[in-house]
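Okay, run-v6.cif is below, mmCIF, C-alpha atoms:
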```cif
data_structure
#
loop_
_atom_site.group_PDB
_atom_site.id
_atom_site.type_symbol
_atom_site.label_atom_id
_atom_site.label_comp_id
_atom_site.auth_asym_id
_atom_site.auth_seq_id
_atom_site.Cartn_x
_atom_site.Cartn_y
_atom_site.Cartn_z
ATOM 1 C CA MET A 1 -6.371 -12.146 -9.969
ATOM 2 C CA PHE A 2 -3.834 -13.892 -12.191
ATOM 3 C CA HIS A 3 -4.493 -13.809 -15.943
ATOM 4 C CA LYS A 4 -3.460 -16.435 -18.467
ATOM 5 C CA GLU A 5 -1.798 -13.945 -20.818
ATOM 6 C CA HIS A 6 0.895 -13.134 -18.253
ATOM 7 C CA SER A 7 4.409 -14.499 -18.380
ATOM 8 C CA THR A 8 4.833 -18.259 -18.487
ATOM 9 C CA HIS A 9 7.534 -18.042 -15.803
ATOM 10 C CA PHE A 10 5.054 -16.583 -13.360
ATOM 11 C CA ILE A 11 2.103 -18.718 -14.427
ATOM 12 C CA SER A 12 4.154 -21.896 -14.126
ATOM 13 C CA LEU A 13 4.244 -21.215 -10.409
ATOM 14 C CA ILE A 14 0.686 -20.025 -9.826
ATOM 15 C CA THR A 15 -2.507 -20.113 -11.883
ATOM 16 C CA ASP A 16 -5.979 -18.663 -11.524
ATOM 17 C CA LYS A 17 -7.472 -22.035 -10.645
ATOM 18 C CA GLU A 18 -4.762 -22.903 -8.163
ATOM 19 C CA PHE A 19 -5.037 -19.614 -6.325
ATOM 20 C CA TYR A 20 -8.830 -19.429 -6.168
ATOM 21 C CA ARG A 21 -9.290 -23.107 -5.360
ATOM 22 C CA ASN A 22 -7.479 -22.449 -2.087
ATOM 23 C CA LEU A 23 -9.540 -19.414 -1.044
ATOM 24 C CA LYS A 24 -11.552 -19.753 2.157
ATOM 25 C CA PRO A 25 -13.869 -17.239 3.879
ATOM 26 C CA PHE A 26 -12.059 -15.074 6.405
ATOM 27 C CA LEU A 27 -14.157 -11.963 7.195
ATOM 28 C CA ASN A 28 -17.105 -9.961 5.947
ATOM 29 C CA CYS A 29 -16.309 -6.235 5.813
ATOM 30 C CA ILE A 30 -18.252 -3.074 4.985
ATOM 31 C CA ASP A 31 -17.117 -0.135 2.874
ATOM 32 C CA HIS A 32 -17.373 2.588 5.521
ATOM 33 C CA THR A 33 -16.020 5.365 3.293
ATOM 34 C CA VAL A 34 -18.275 5.485 0.230
ATOM 35 C CA SER A 35 -20.897 2.838 -0.501
ATOM 36 C CA LYS A 36 -21.671 1.031 2.795
ATOM 37 C CA GLU A 37 -21.667 -2.165 0.719
ATOM 38 C CA SER A 38 -20.573 -5.511 2.131
ATOM 39 C CA TYR A 39 -17.601 -7.523 0.798
ATOM 40 C CA GLU A 40 -16.106 -10.905 1.555
ATOM 41 C CA VAL A 41 -12.442 -11.074 2.488
ATOM 42 C CA MET A 42 -11.099 -14.487 1.486
ATOM 43 C CA ARG A 43 -7.835 -16.146 2.532
ATOM 44 C CA ASN A 44 -5.322 -18.193 0.583
ATOM 45 C CA GLU A 45 -3.395 -20.170 3.186
ATOM 46 C CA ASP A 46 -0.468 -21.053 0.908
ATOM 47 C CA TYR A 47 0.324 -17.384 0.396
ATOM 48 C CA ASP A 48 -0.989 -16.212 3.780
ATOM 49 C CA MET A 49 -2.808 -13.563 1.785
ATOM 50 C CA LEU A 50 -6.330 -12.136 1.739
ATOM 51 C CA VAL A 51 -8.435 -11.157 -1.276
ATOM 52 C CA THR A 52 -11.450 -8.830 -1.444
ATOM 53 C CA SER A 53 -14.424 -10.281 -3.286
ATOM 54 C CA PRO A 54 -16.135 -9.283 -5.480
ATOM 55 C CA VAL A 55 -14.201 -6.501 -7.210
ATOM 56 C CA PRO A 56 -16.583 -3.814 -8.535
ATOM 57 C CA ASN A 57 -16.420 -3.113 -12.275
ATOM 58 C CA ASN A 58 -16.527 0.646 -11.636
ATOM 59 C CA LEU A 59 -13.866 0.666 -8.945
ATOM 60 C CA GLU A 60 -12.877 4.285 -9.612
ATOM 61 C CA LYS A 61 -16.147 5.588 -8.167
ATOM 62 C CA TYR A 62 -15.209 4.114 -4.775
ATOM 63 C CA TYR A 63 -12.415 6.694 -4.519
ATOM 64 C CA ALA A 64 -14.858 9.600 -5.007
ATOM 65 C CA SER A 65 -14.899 10.848 -1.431
ATOM 66 C CA GLU A 66 -13.519 13.879 0.371
ATOM 67 C CA ASP A 67 -12.547 11.422 3.101
ATOM 68 C CA TYR A 68 -9.939 9.932 0.799
ATOM 69 C CA ILE A 69 -7.297 12.168 2.322
ATOM 70 C CA SER A 70 -4.253 11.029 0.316
ATOM 71 C CA HIS A 71 -5.729 12.755 -2.746
ATOM 72 C CA THR A 72 -5.960 16.164 -1.056
ATOM 73 C CA ASP A 73 -3.834 18.683 0.811
ATOM 74 C CA SER A 74 -6.701 19.504 3.150
ATOM 75 C CA LYS A 75 -5.834 21.063 6.528
ATOM 76 C CA THR A 76 -9.325 22.054 7.655
ATOM 77 C CA SER A 77 -10.084 19.618 10.470
ATOM 78 C CA LEU A 78 -7.943 18.540 13.427
ATOM 79 C CA PHE A 79 -7.740 15.088 11.828
ATOM 80 C CA ASP A 80 -6.487 16.644 8.556
ATOM 81 C CA LYS A 81 -3.900 18.740 10.397
ATOM 82 C CA THR A 82 -2.655 15.736 12.344
ATOM 83 C CA TYR A 83 -2.413 13.682 9.150
ATOM 84 C CA GLN A 84 -0.461 16.428 7.352
ATOM 85 C CA PHE A 85 1.889 16.887 10.352
ATOM 86 C CA VAL A 86 2.689 13.170 10.460
ATOM 87 C CA LYS A 87 3.057 13.118 6.674
ATOM 88 C CA ASN A 88 5.684 15.874 6.763
ATOM 89 C CA TYR A 89 7.640 13.986 9.420
ATOM 90 C CA THR A 90 7.521 10.717 7.496
ATOM 91 C CA LEU A 91 8.593 12.414 4.257
ATOM 92 C CA LYS A 92 11.932 13.212 5.866
ATOM 93 C CA LYS A 93 12.268 9.611 7.061
ATOM 94 C CA LYS A 94 11.498 8.305 3.560
ATOM 95 C CA LEU A 95 14.153 10.549 2.011
ATOM 96 C CA LYS A 96 16.682 9.367 4.567
ATOM 97 C CA LEU A 97 15.816 5.767 3.656
ATOM 98 C CA ILE A 98 16.374 6.143 -0.093
ATOM 99 C CA ASN A 99 19.529 8.185 0.491
ATOM 100 C CA SER A 100 20.955 5.162 2.321
ATOM 101 C CA PHE A 101 21.013 3.163 -0.932
ATOM 102 C CA ASN A 102 24.090 3.019 -3.133
ATOM 103 C CA THR A 103 22.633 4.021 -6.515
ATOM 104 C CA GLU A 104 24.082 4.983 -9.900
ATOM 105 C CA GLU A 105 22.118 8.055 -10.939
ATOM 106 C CA LYS A 106 19.699 8.727 -8.064
ATOM 107 C CA SER A 107 16.702 8.110 -10.321
ATOM 108 C CA ILE A 108 13.381 7.393 -8.623
ATOM 109 C CA LEU A 109 9.875 6.466 -9.728
ATOM 110 C CA ASP A 110 7.126 7.022 -7.162
ATOM 111 C CA ILE A 111 3.937 5.118 -7.991
ATOM 112 C CA GLY A 112 0.774 6.437 -6.392
ATOM 113 C CA ALA A 113 2.480 9.780 -5.906
ATOM 114 C CA GLY A 114 -0.650 11.496 -4.577
ATOM 115 C CA THR A 115 -0.201 15.260 -4.488
ATOM 116 C CA GLY A 116 3.539 15.018 -5.163
ATOM 117 C CA ASP A 117 4.958 15.838 -1.748
ATOM 118 C CA PHE A 118 7.378 12.912 -1.572
ATOM 119 C CA LEU A 119 8.753 13.597 -5.040
ATOM 120 C CA LYS A 120 9.179 17.283 -4.174
ATOM 121 C CA VAL A 121 11.312 16.277 -1.184
ATOM 122 C CA CYS A 122 13.275 13.863 -3.380
ATOM 123 C CA GLU A 123 13.880 16.544 -6.007
ATOM 124 C CA LYS A 124 15.231 18.921 -3.378
ATOM 125 C CA GLY A 125 17.462 16.063 -2.214
ATOM 126 C CA GLY A 126 19.076 15.742 -5.644
ATOM 127 C CA TRP A 127 17.022 12.878 -7.086
ATOM 128 C CA ARG A 128 15.850 12.634 -10.692
ATOM 129 C CA ILE A 129 12.126 12.186 -10.266
ATOM 130 C CA ASN A 130 9.268 10.520 -12.113
ATOM 131 C CA GLY A 131 5.808 9.770 -10.751
ATOM 132 C CA VAL A 132 2.545 7.986 -11.455
ATOM 133 C CA GLU A 133 -0.830 9.023 -10.014
ATOM 134 C CA PRO A 134 -4.239 7.902 -11.373
ATOM 135 C CA SER A 135 -6.263 10.607 -9.594
ATOM 136 C CA GLU A 136 -6.694 13.693 -11.772
ATOM 137 C CA LYS A 137 -7.448 15.791 -8.703
ATOM 138 C CA ALA A 138 -4.209 14.725 -7.012
ATOM 139 C CA ARG A 139 -2.211 15.286 -10.232
ATOM 140 C CA ASP A 140 -3.563 18.843 -10.375
ATOM 141 C CA PHE A 141 -2.369 19.487 -6.815
ATOM 142 C CA ALA A 142 1.048 18.115 -7.792
ATOM 143 C CA LYS A 143 1.204 20.248 -10.926
ATOM 144 C CA ASN A 144 0.766 23.354 -8.785
ATOM 145 C CA LYS A 145 3.990 22.256 -7.041
ATOM 146 C CA ASN A 146 5.740 21.884 -10.445
ATOM 147 C CA ILE A 147 5.584 18.104 -10.179
ATOM 148 C CA ASN A 148 4.295 16.537 -13.411
ATOM 149 C CA LEU A 149 2.825 13.081 -12.936
ATOM 150 C CA VAL A 150 1.569 10.602 -15.514
ATOM 151 C CA GLU A 151 -1.731 8.789 -15.143
ATOM 152 C CA ASP A 152 -0.586 5.204 -15.569
ATOM 153 C CA ILE A 153 2.535 3.072 -15.291
ATOM 154 C CA SER A 154 2.182 2.126 -18.972
ATOM 155 C CA LYS A 155 3.138 5.724 -19.871
ATOM 156 C CA ILE A 156 6.636 5.228 -18.442
ATOM 157 C CA ASP A 157 8.471 4.177 -21.614
ATOM 158 C CA ASN A 158 12.023 2.962 -22.128
ATOM 159 C CA LYS A 159 13.204 3.910 -18.662
ATOM 160 C CA GLN A 160 14.656 2.060 -15.723
ATOM 161 C CA PHE A 161 15.124 3.394 -12.221
ATOM 162 C CA ASP A 162 17.503 2.959 -9.318
ATOM 163 C CA VAL A 163 14.584 3.100 -6.874
ATOM 164 C CA ILE A 164 10.850 2.510 -7.278
ATOM 165 C CA THR A 165 8.520 3.313 -4.388
ATOM 166 C CA LEU A 166 4.917 2.301 -3.743
ATOM 167 C CA TRP A 167 3.686 3.823 -0.488
ATOM 168 C CA HIS A 168 0.372 2.084 0.262
ATOM 169 C CA VAL A 169 -0.302 1.379 -3.402
ATOM 170 C CA LEU A 170 0.142 -2.343 -4.097
ATOM 171 C CA GLU A 171 -3.043 -3.245 -2.213
ATOM 172 C CA HIS A 172 -5.012 -1.181 -4.774
ATOM 173 C CA ILE A 173 -3.678 -2.801 -7.968
ATOM 174 C CA PRO A 174 -6.276 -4.901 -9.881
ATOM 175 C CA ASN A 175 -3.905 -6.884 -12.150
ATOM 176 C CA LEU A 176 -1.315 -7.840 -9.587
ATOM 177 C CA THR A 177 0.667 -10.332 -11.652
ATOM 178 C CA GLU A 178 1.018 -7.998 -14.604
ATOM 179 C CA TYR A 179 2.005 -5.149 -12.306
ATOM 180 C CA VAL A 180 4.744 -7.175 -10.636
ATOM 181 C CA GLN A 181 6.149 -7.938 -14.089
ATOM 182 C CA GLN A 182 6.045 -4.242 -15.007
ATOM 183 C CA LEU A 183 7.846 -3.293 -11.810
ATOM 184 C CA LYS A 184 10.576 -5.791 -12.627
ATOM 185 C CA SER A 185 11.029 -4.325 -16.117
ATOM 186 C CA LEU A 186 11.221 -0.755 -14.754
ATOM 187 C CA LEU A 187 13.794 -1.581 -12.095
ATOM 188 C CA LYS A 188 17.507 -1.551 -12.865
ATOM 189 C CA PRO A 189 19.551 -4.656 -12.036
ATOM 190 C CA ASN A 190 20.423 -4.343 -8.351
ATOM 191 C CA GLY A 191 17.769 -1.626 -8.080
ATOM 192 C CA PHE A 192 15.668 -1.153 -4.975
ATOM 193 C CA LEU A 193 11.915 -1.542 -4.693
ATOM 194 C CA ILE A 194 10.206 -0.087 -1.625
ATOM 195 C CA ILE A 195 6.699 -1.270 -0.866
ATOM 196 C CA ALA A 196 4.608 -0.136 2.103
ATOM 197 C CA VAL A 197 1.372 -2.015 2.773
ATOM 198 C CA PRO A 198 -0.969 -2.693 5.706
ATOM 199 C CA ASN A 199 -0.265 -5.858 7.635
ATOM 200 C CA TYR A 200 -3.340 -7.912 8.454
ATOM 201 C CA LYS A 201 -1.262 -9.983 10.916
ATOM 202 C CA SER A 202 -0.909 -7.001 13.277
ATOM 203 C CA PHE A 203 -2.489 -6.734 16.713
ATOM 204 C CA ASP A 204 -4.766 -3.827 15.726
ATOM 205 C CA SER A 205 -6.107 -5.897 12.820
ATOM 206 C CA LYS A 206 -6.914 -8.788 15.135
ATOM 207 C CA HIS A 207 -8.392 -6.406 17.709
ATOM 208 C CA TYR A 208 -10.791 -4.603 15.357
ATOM 209 C CA LYS A 209 -11.474 -7.579 13.054
ATOM 210 C CA GLU A 210 -14.048 -6.611 10.387
ATOM 211 C CA PHE A 211 -13.909 -2.979 11.556
ATOM 212 C CA TRP A 212 -10.162 -2.671 10.935
ATOM 213 C CA ALA A 213 -9.895 0.433 8.759
ATOM 214 C CA ALA A 214 -6.948 -0.878 6.740
ATOM 215 C CA TYR A 215 -9.145 -3.530 5.112
ATOM 216 C CA ASP A 216 -10.708 -0.531 3.332
ATOM 217 C CA VAL A 217 -12.829 -2.671 0.999
ATOM 218 C CA PRO A 218 -13.238 -2.584 -1.954
ATOM 219 C CA ARG A 219 -10.382 -0.135 -2.598
ATOM 220 C CA HIS A 220 -7.916 -2.537 -0.986
ATOM 221 C CA LEU A 221 -8.092 -5.602 -3.209
ATOM 222 C CA TRP A 222 -5.268 -7.533 -1.541
ATOM 223 C CA HIS A 223 -4.201 -7.850 2.090
ATOM 224 C CA PHE A 224 -0.589 -8.961 2.435
ATOM 225 C CA SER A 225 1.592 -10.733 4.947
ATOM 226 C CA LYS A 226 5.369 -11.101 4.969
ATOM 227 C CA THR A 227 4.980 -14.528 3.377
ATOM 228 C CA ALA A 228 2.807 -13.173 0.564
ATOM 229 C CA ILE A 229 5.175 -10.343 -0.372
ATOM 230 C CA SER A 230 8.208 -12.645 -0.365
ATOM 231 C CA LYS A 231 6.512 -15.289 -2.518
ATOM 232 C CA ILE A 232 4.978 -12.934 -5.069
ATOM 233 C CA PHE A 233 8.217 -11.072 -5.786
ATOM 234 C CA SER A 234 10.456 -14.121 -5.680
ATOM 235 C CA PHE A 235 8.770 -15.223 -8.918
ATOM 236 C CA VAL A 236 10.398 -12.294 -10.740
ATOM 237 C CA GLU A 237 13.716 -12.555 -8.897
ATOM 238 C CA ILE A 238 13.154 -9.625 -6.576
ATOM 239 C CA LYS A 239 14.100 -10.480 -3.019
ATOM 240 C CA VAL A 240 13.012 -8.977 0.304
ATOM 241 C CA GLU A 241 16.148 -7.618 1.975
ATOM 242 C CA LYS A 242 14.596 -6.023 5.044
ATOM 243 C CA THR A 243 11.305 -4.966 6.636
ATOM 244 C CA LEU A 244 10.772 -1.758 8.585
ATOM 245 C CA PRO A 245 7.839 -0.633 10.767
ATOM 246 C CA MET A 246 5.434 2.228 10.081
ATOM 247 C CA LYS A 247 4.675 2.961 13.710
ATOM 248 C CA PHE A 248 2.320 5.896 13.141
ATOM 249 C CA ASP A 249 -0.061 3.731 11.128
ATOM 250 C CA SER A 250 -1.313 1.833 14.158
ATOM 251 C CA PHE A 251 -2.623 5.080 15.685
ATOM 252 C CA TYR A 252 -4.137 6.425 12.465
ATOM 253 C CA VAL A 253 -5.803 3.107 11.601
ATOM 254 C CA SER A 254 -7.031 2.595 15.168
ATOM 255 C CA LEU A 255 -8.615 6.046 15.190
ATOM 256 C CA LEU A 256 -10.615 5.236 12.070
ATOM 257 C CA SER A 257 -11.400 1.724 13.283
ATOM 258 C CA GLU A 258 -12.842 3.029 16.555
ATOM 259 C CA LYS A 259 -15.166 5.289 14.576
ATOM 260 C CA TYR A 260 -16.293 2.413 12.352
ATOM 261 C CA LYS A 261 -16.829 0.075 15.293
ATOM 262 C CA THR A 262 -18.479 2.397 17.823
ATOM 263 C CA LYS A 263 -19.825 5.234 15.612
ATOM 264 C CA LYS A 264 -17.905 7.572 17.924
ATOM 265 C CA SER A 265 -14.572 9.328 17.888
ATOM 266 C CA ARG A 266 -12.606 7.710 20.709
ATOM 267 C CA PRO A 267 -9.044 9.053 20.447
ATOM 268 C CA ILE A 268 -7.912 7.745 23.839
ATOM 269 C CA HIS A 269 -9.064 4.199 23.094
ATOM 270 C CA ALA A 270 -7.485 4.445 19.646
ATOM 271 C CA PHE A 271 -4.185 5.705 21.048
ATOM 272 C CA LEU A 272 -4.019 2.891 23.614
ATOM 273 C CA THR A 273 -4.801 0.266 20.995
ATOM 274 C CA GLY A 274 -2.192 1.697 18.627
ATOM 275 C CA LEU A 275 0.359 1.787 21.428
ATOM 276 C CA LYS A 276 -0.382 -1.808 22.409
ATOM 277 C CA SER A 277 -0.083 -2.889 18.774
ATOM 278 C CA ASN A 278 3.368 -1.311 18.476
ATOM 279 C CA MET A 279 4.513 -2.803 21.786
ATOM 280 C CA LYS A 280 3.449 -6.298 20.746
ATOM 281 C CA ALA A 281 5.078 -5.805 17.345
ATOM 282 C CA LYS A 282 8.466 -5.146 18.981
ATOM 283 C CA ARG A 283 8.553 -8.848 19.689
ATOM 284 C CA SER A 284 6.564 -10.280 16.750
ATOM 285 C CA GLY A 285 7.610 -7.840 14.016
ATOM 286 C CA GLU A 286 3.946 -7.602 12.944
ATOM 287 C CA TYR A 287 3.397 -3.839 12.876
ATOM 288 C CA SER A 288 0.161 -2.294 11.579
ATOM 289 C CA SER A 289 1.946 -1.451 8.325
ATOM 290 C CA LEU A 290 5.305 -2.611 7.061
ATOM 291 C CA ILE A 291 7.859 -1.205 4.652
ATOM 292 C CA TYR A 292 9.466 -3.912 2.521
ATOM 293 C CA ILE A 293 12.862 -3.134 1.025
ATOM 294 C CA LEU A 294 13.394 -5.417 -1.949
ATOM 295 C CA LYS A 295 16.286 -5.708 -4.385
ATOM 296 C CA SER A 296 16.289 -6.884 -7.981
ATOM 297 C CA LYS A 297 18.803 -9.463 -9.176
#
```
Please lay out the structure from this file as structure tokens.
Amino acid sequence: MFHKEHSTHFISLITDKEFYRNLKPFLNCIDHTVSKESYEVMRNEDYDMLVTSPVPNNLEKYYASEDYISHTDSKTSLFDKTYQFVKNYTLKKKLKLINSFNTEEKSILDIGAGTGDFLKVCEKGGWRINGVEPSEKARDFAKNKNINLVEDISKIDNKQFDVITLWHVLEHIPNLTEYVQQLKSLLKPNGFLIIAVPNYKSFDSKHYKEFWAAYDVPRHLWHFSKTAISKIFSFVEIKVEKTLPMKFDSFYVSLLSEKYKTKKSRPIHAFLTGLKSNMKAKRSGEYSSLIYILKSK
């Protein structure tokens, strides 16, 4: 996870040996989407954070599935149509969120931009847009919408942004320490970083256990809690200002989890579980997915 060549400031607080010495078995999960392989999910108690092990060398092949819906604009099945409907609703909510920030130039970098829909909405809202997306297929979809995305964050040179967004991206990043440092360098002083990730402390996670779809091994390398996000970004002087719920995620994740657990599509059971998860989270704050709003010093 954490490599010796990274900044001494970060490494002085956490090292490879320290982090891995504290890992303990948590769950054994199966890749239901592509390979059907089994992976260990390990827990570091100090960070309240989970790690997928092992990480495949050829990780990119585990994204080669038509089921990986964020890389397509598919509207063929009822599930696809529902996903796209919810996506369009949430795009408006995301734009409203970033418009609430007091920024200098309304410049935004969206990492893991998918097929470019969020950036298109931002552009129409008067934002200066940049985006990163590793999937060539998704970049092609975006290009057809006149949204030009680069393949990797390293191709963003000599720029800083008022806002950087990662919507369900951070859990996929192999070199987490290095990436956190890069995010810091790309963010303006007093800039905002928005990170949305699954929350393994949620009720639906505890209900479905190893069948919880948001573990999504091995594509999800890390599984975060509020404690983990706060600690990791505090090392580069980026502070969590607020957390917000992603209430639709409990229903979407529960629908997939039911299929993994029972081999059947059980929408009513999934809806009830998602509803219960959101109701419990009203008190605990532990929604199925959380949006973290962070600010750079």
Could you list the residues chosen by the PyMOL selection byres ((chain A and resi 254-256) around 9) in this structure as JSON, numbers by chain? {"A": [204, 205, 208, 211, 212, 213, 214, 249, 250, 251, 252, 253, 257, 258, 259, 260, 261, 265, 266, 267, 268, 269, 270, 271, 272, 273, 274]}
Write out as a PyMOL selection string which residues come within 9 Å of range 125-130 of chain A when counting all atoms listed in the file, dropping same-chain ones fewer than 4 positions away. chain A and resi 95+99+105-111+119-121+147-150+156
Contacts of range 150-202 of chain A with range 229-239 of chain A up to 10 Å, shortest pair per row, all atoms listed in the file, as a Markdown table:
```
| residue | atom | partner | partner_atom | distance |
| --- | --- | --- | --- | --- |
| A:Leu176 | CA | A:Ile232 | CA | 9.3 |
| A:Thr177 | CA | A:Ile232 | CA | 8.3 |
| A:Val180 | CA | A:Phe233 | CA | 7.1 |
| A:Gln181 | CA | A:Val236 | CA | 6.9 |
| A:Leu183 | CA | A:Val236 | CA | 9.4 |
| A:Lys184 | CA | A:Val236 | CA | 6.8 |
| A:Ser185 | CA | A:Val236 | CA | 9.6 |
| A:Leu187 | CA | A:Ile238 | CA | 9.8 |
| A:Pro189 | CA | A:Ile238 | CA | 9.8 |
| A:Asn190 | CA | A:Ile238 | CA | 9.2 |
| A:Gly191 | CA | A:Ile238 | CA | 9.4 |
| A:Phe192 | CA | A:Ile238 | CA | 9.0 |
| A:Leu193 | CA | A:Ile238 | CA | 8.4 |
| A:Ile195 | CA | A:Ile229 | CA | 9.2 |
| A:Val197 | CA | A:Ile229 | CA | 9.7 |
```
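Proximity to Ile173 in chain A at 10 Å, evaluated using only C-alpha atoms and with sequence-adjacent residues fewer than 2 positions away removed, yields Met1, Val169, Leu170, Glu171, Asn175, Leu176, Thr177, Glu178, Tyr179, Val180, Arg219, His220, Leu221 and Trp222 of chain A.
Ranking A:Lys61, A:Lys17, A:Lys247, A:Lys137 by their shortest atom-to-atom distance to Thr90 in chain A, with all atoms listed in the file included, puts A:Lys247 first.
Among the candidates A:Pro245, A:Gly285, A:Pro218, A:Gly131, the one nearest to Pro174 in chain A when counting all atoms listed in the file is A:Pro218.
When CA of His168 in chain A is paired with CA of Gly114 in chain A, their separation reads 10.6 Å.
Note that the spacing between CA of Ala196 in chain A and CA of Gly112 in chain A amounts to 11.4 Å.
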Subset file: range 158-165 of chain A, all heavy atoms, as a JSON list (two decimals), in the first residue's frame:
```
[["chain", "number", "residue", "atom", "x", "y", "z"],
["A", 158, "ASN", "N", 0.91, 21.32, -14.32],
["A", 158, "ASN", "CA", 0.98, 22.75, -13.99],
["A", 158, "ASN", "C", -0.39, 23.41, -13.85],
["A", 158, "ASN", "O", -0.61, 24.54, -14.31],
["A", 158, "ASN", "CB", 1.80, 23.50, -15.06],
["A", 158, "ASN", "CG", 3.21, 22.96, -15.18],
["A", 158, "ASN", "OD1", 3.86, 22.68, -14.17],
["A", 158, "ASN", "ND2", 3.67, 22.79, -16.40],
["A", 159, "LYS", "N", -1.31, 22.70, -13.24],
["A", 159, "LYS", "CA", -2.64, 23.25, -13.00],
["A", 159, "LYS", "C", -3.04, 22.99, -11.56],
["A", 159, "LYS", "O", -2.64, 22.00, -10.95],
["A", 159, "LYS", "CB", -3.67, 22.62, -13.93],
["A", 159, "LYS", "CG", -3.56, 23.00, -15.40],
["A", 159, "LYS", "CD", -4.69, 22.36, -16.20],
["A", 159, "LYS", "CE", -4.59, 22.71, -17.67],
["A", 159, "LYS", "NZ", -5.67, 22.07, -18.47],
["A", 160, "GLN", "N", -3.84, 23.91, -11.05],
["A", 160, "GLN", "CA", -4.49, 23.70, -9.76],
["A", 160, "GLN", "C", -5.96, 24.07, -9.92],
["A", 160, "GLN", "O", -6.33, 24.89, -10.76],
["A", 160, "GLN", "CB", -3.84, 24.53, -8.65],
["A", 160, "GLN", "CG", -2.50, 23.99, -8.18],
["A", 160, "GLN", "CD", -2.02, 24.66, -6.92],
["A", 160, "GLN", "OE1", -2.04, 25.88, -6.80],
["A", 160, "GLN", "NE2", -1.60, 23.86, -5.95],
["A", 161, "PHE", "N", -6.79, 23.45, -9.08],
["A", 161, "PHE", "CA", -8.23, 23.56, -9.26],
["A", 161, "PHE", "C", -8.91, 24.02, -7.97],
["A", 161, "PHE", "O", -8.47, 23.72, -6.87],
["A", 161, "PHE", "CB", -8.80, 22.22, -9.70],
["A", 161, "PHE", "CG", -8.21, 21.71, -10.99],
["A", 161, "PHE", "CD1", -7.08, 20.90, -10.98],
["A", 161, "PHE", "CD2", -8.75, 22.06, -12.21],
["A", 161, "PHE", "CE1", -6.51, 20.45, -12.15],
["A", 161, "PHE", "CE2", -8.20, 21.62, -13.40],
["A", 161, "PHE", "CZ", -7.07, 20.81, -13.37],
["A", 162, "ASP", "N", -10.03, 24.72, -8.18],
["A", 162, "ASP", "CA", -10.85, 25.13, -7.03],
["A", 162, "ASP", "C", -11.53, 23.92, -6.39],
["A", 162, "ASP", "O", -11.69, 23.85, -5.17],
["A", 162, "ASP", "CB", -11.94, 26.11, -7.48],
["A", 162, "ASP", "CG", -11.36, 27.43, -7.95],
["A", 162, "ASP", "OD1", -10.62, 28.06, -7.19],
["A", 162, "ASP", "OD2", -11.67, 27.83, -9.09],
["A", 163, "VAL", "N", -11.95, 22.98, -7.25],
["A", 163, "VAL", "CA", -12.67, 21.79, -6.78],
["A", 163, "VAL", "C", -12.13, 20.56, -7.51],
["A", 163, "VAL", "O", -11.93, 20.59, -8.73],
["A", 163, "VAL", "CB", -14.19, 21.91, -7.04],
["A", 163, "VAL", "CG1", -14.91, 20.63, -6.60],
["A", 163, "VAL", "CG2", -14.77, 23.12, -6.32],
["A", 164, "ILE", "N", -11.89, 19.50, -6.77],
["A", 164, "ILE", "CA", -11.56, 18.20, -7.35],
["A", 164, "ILE", "C", -12.58, 17.20, -6.82],
["A", 164, "ILE", "O", -12.85, 17.15, -5.61],
["A", 164, "ILE", "CB", -10.14, 17.74, -6.97],
["A", 164, "ILE", "CG1", -9.10, 18.74, -7.49],
["A", 164, "ILE", "CG2", -9.85, 16.35, -7.53],
["A", 164, "ILE", "CD1", -7.67, 18.41, -7.07],
["A", 165, "THR", "N", -13.14, 16.41, -7.73],
["A", 165, "THR", "CA", -14.15, 15.42, -7.33],
["A", 165, "THR", "C", -13.70, 14.01, -7.69],
["A", 165, "THR", "O", -13.12, 13.78, -8.75],
["A", 165, "THR", "CB", -15.50, 15.71, -8.00],
["A", 165, "THR", "OG1", -15.34, 15.77, -9.43],
["A", 165, "THR", "CG2", -16.09, 17.03, -7.52]]
```
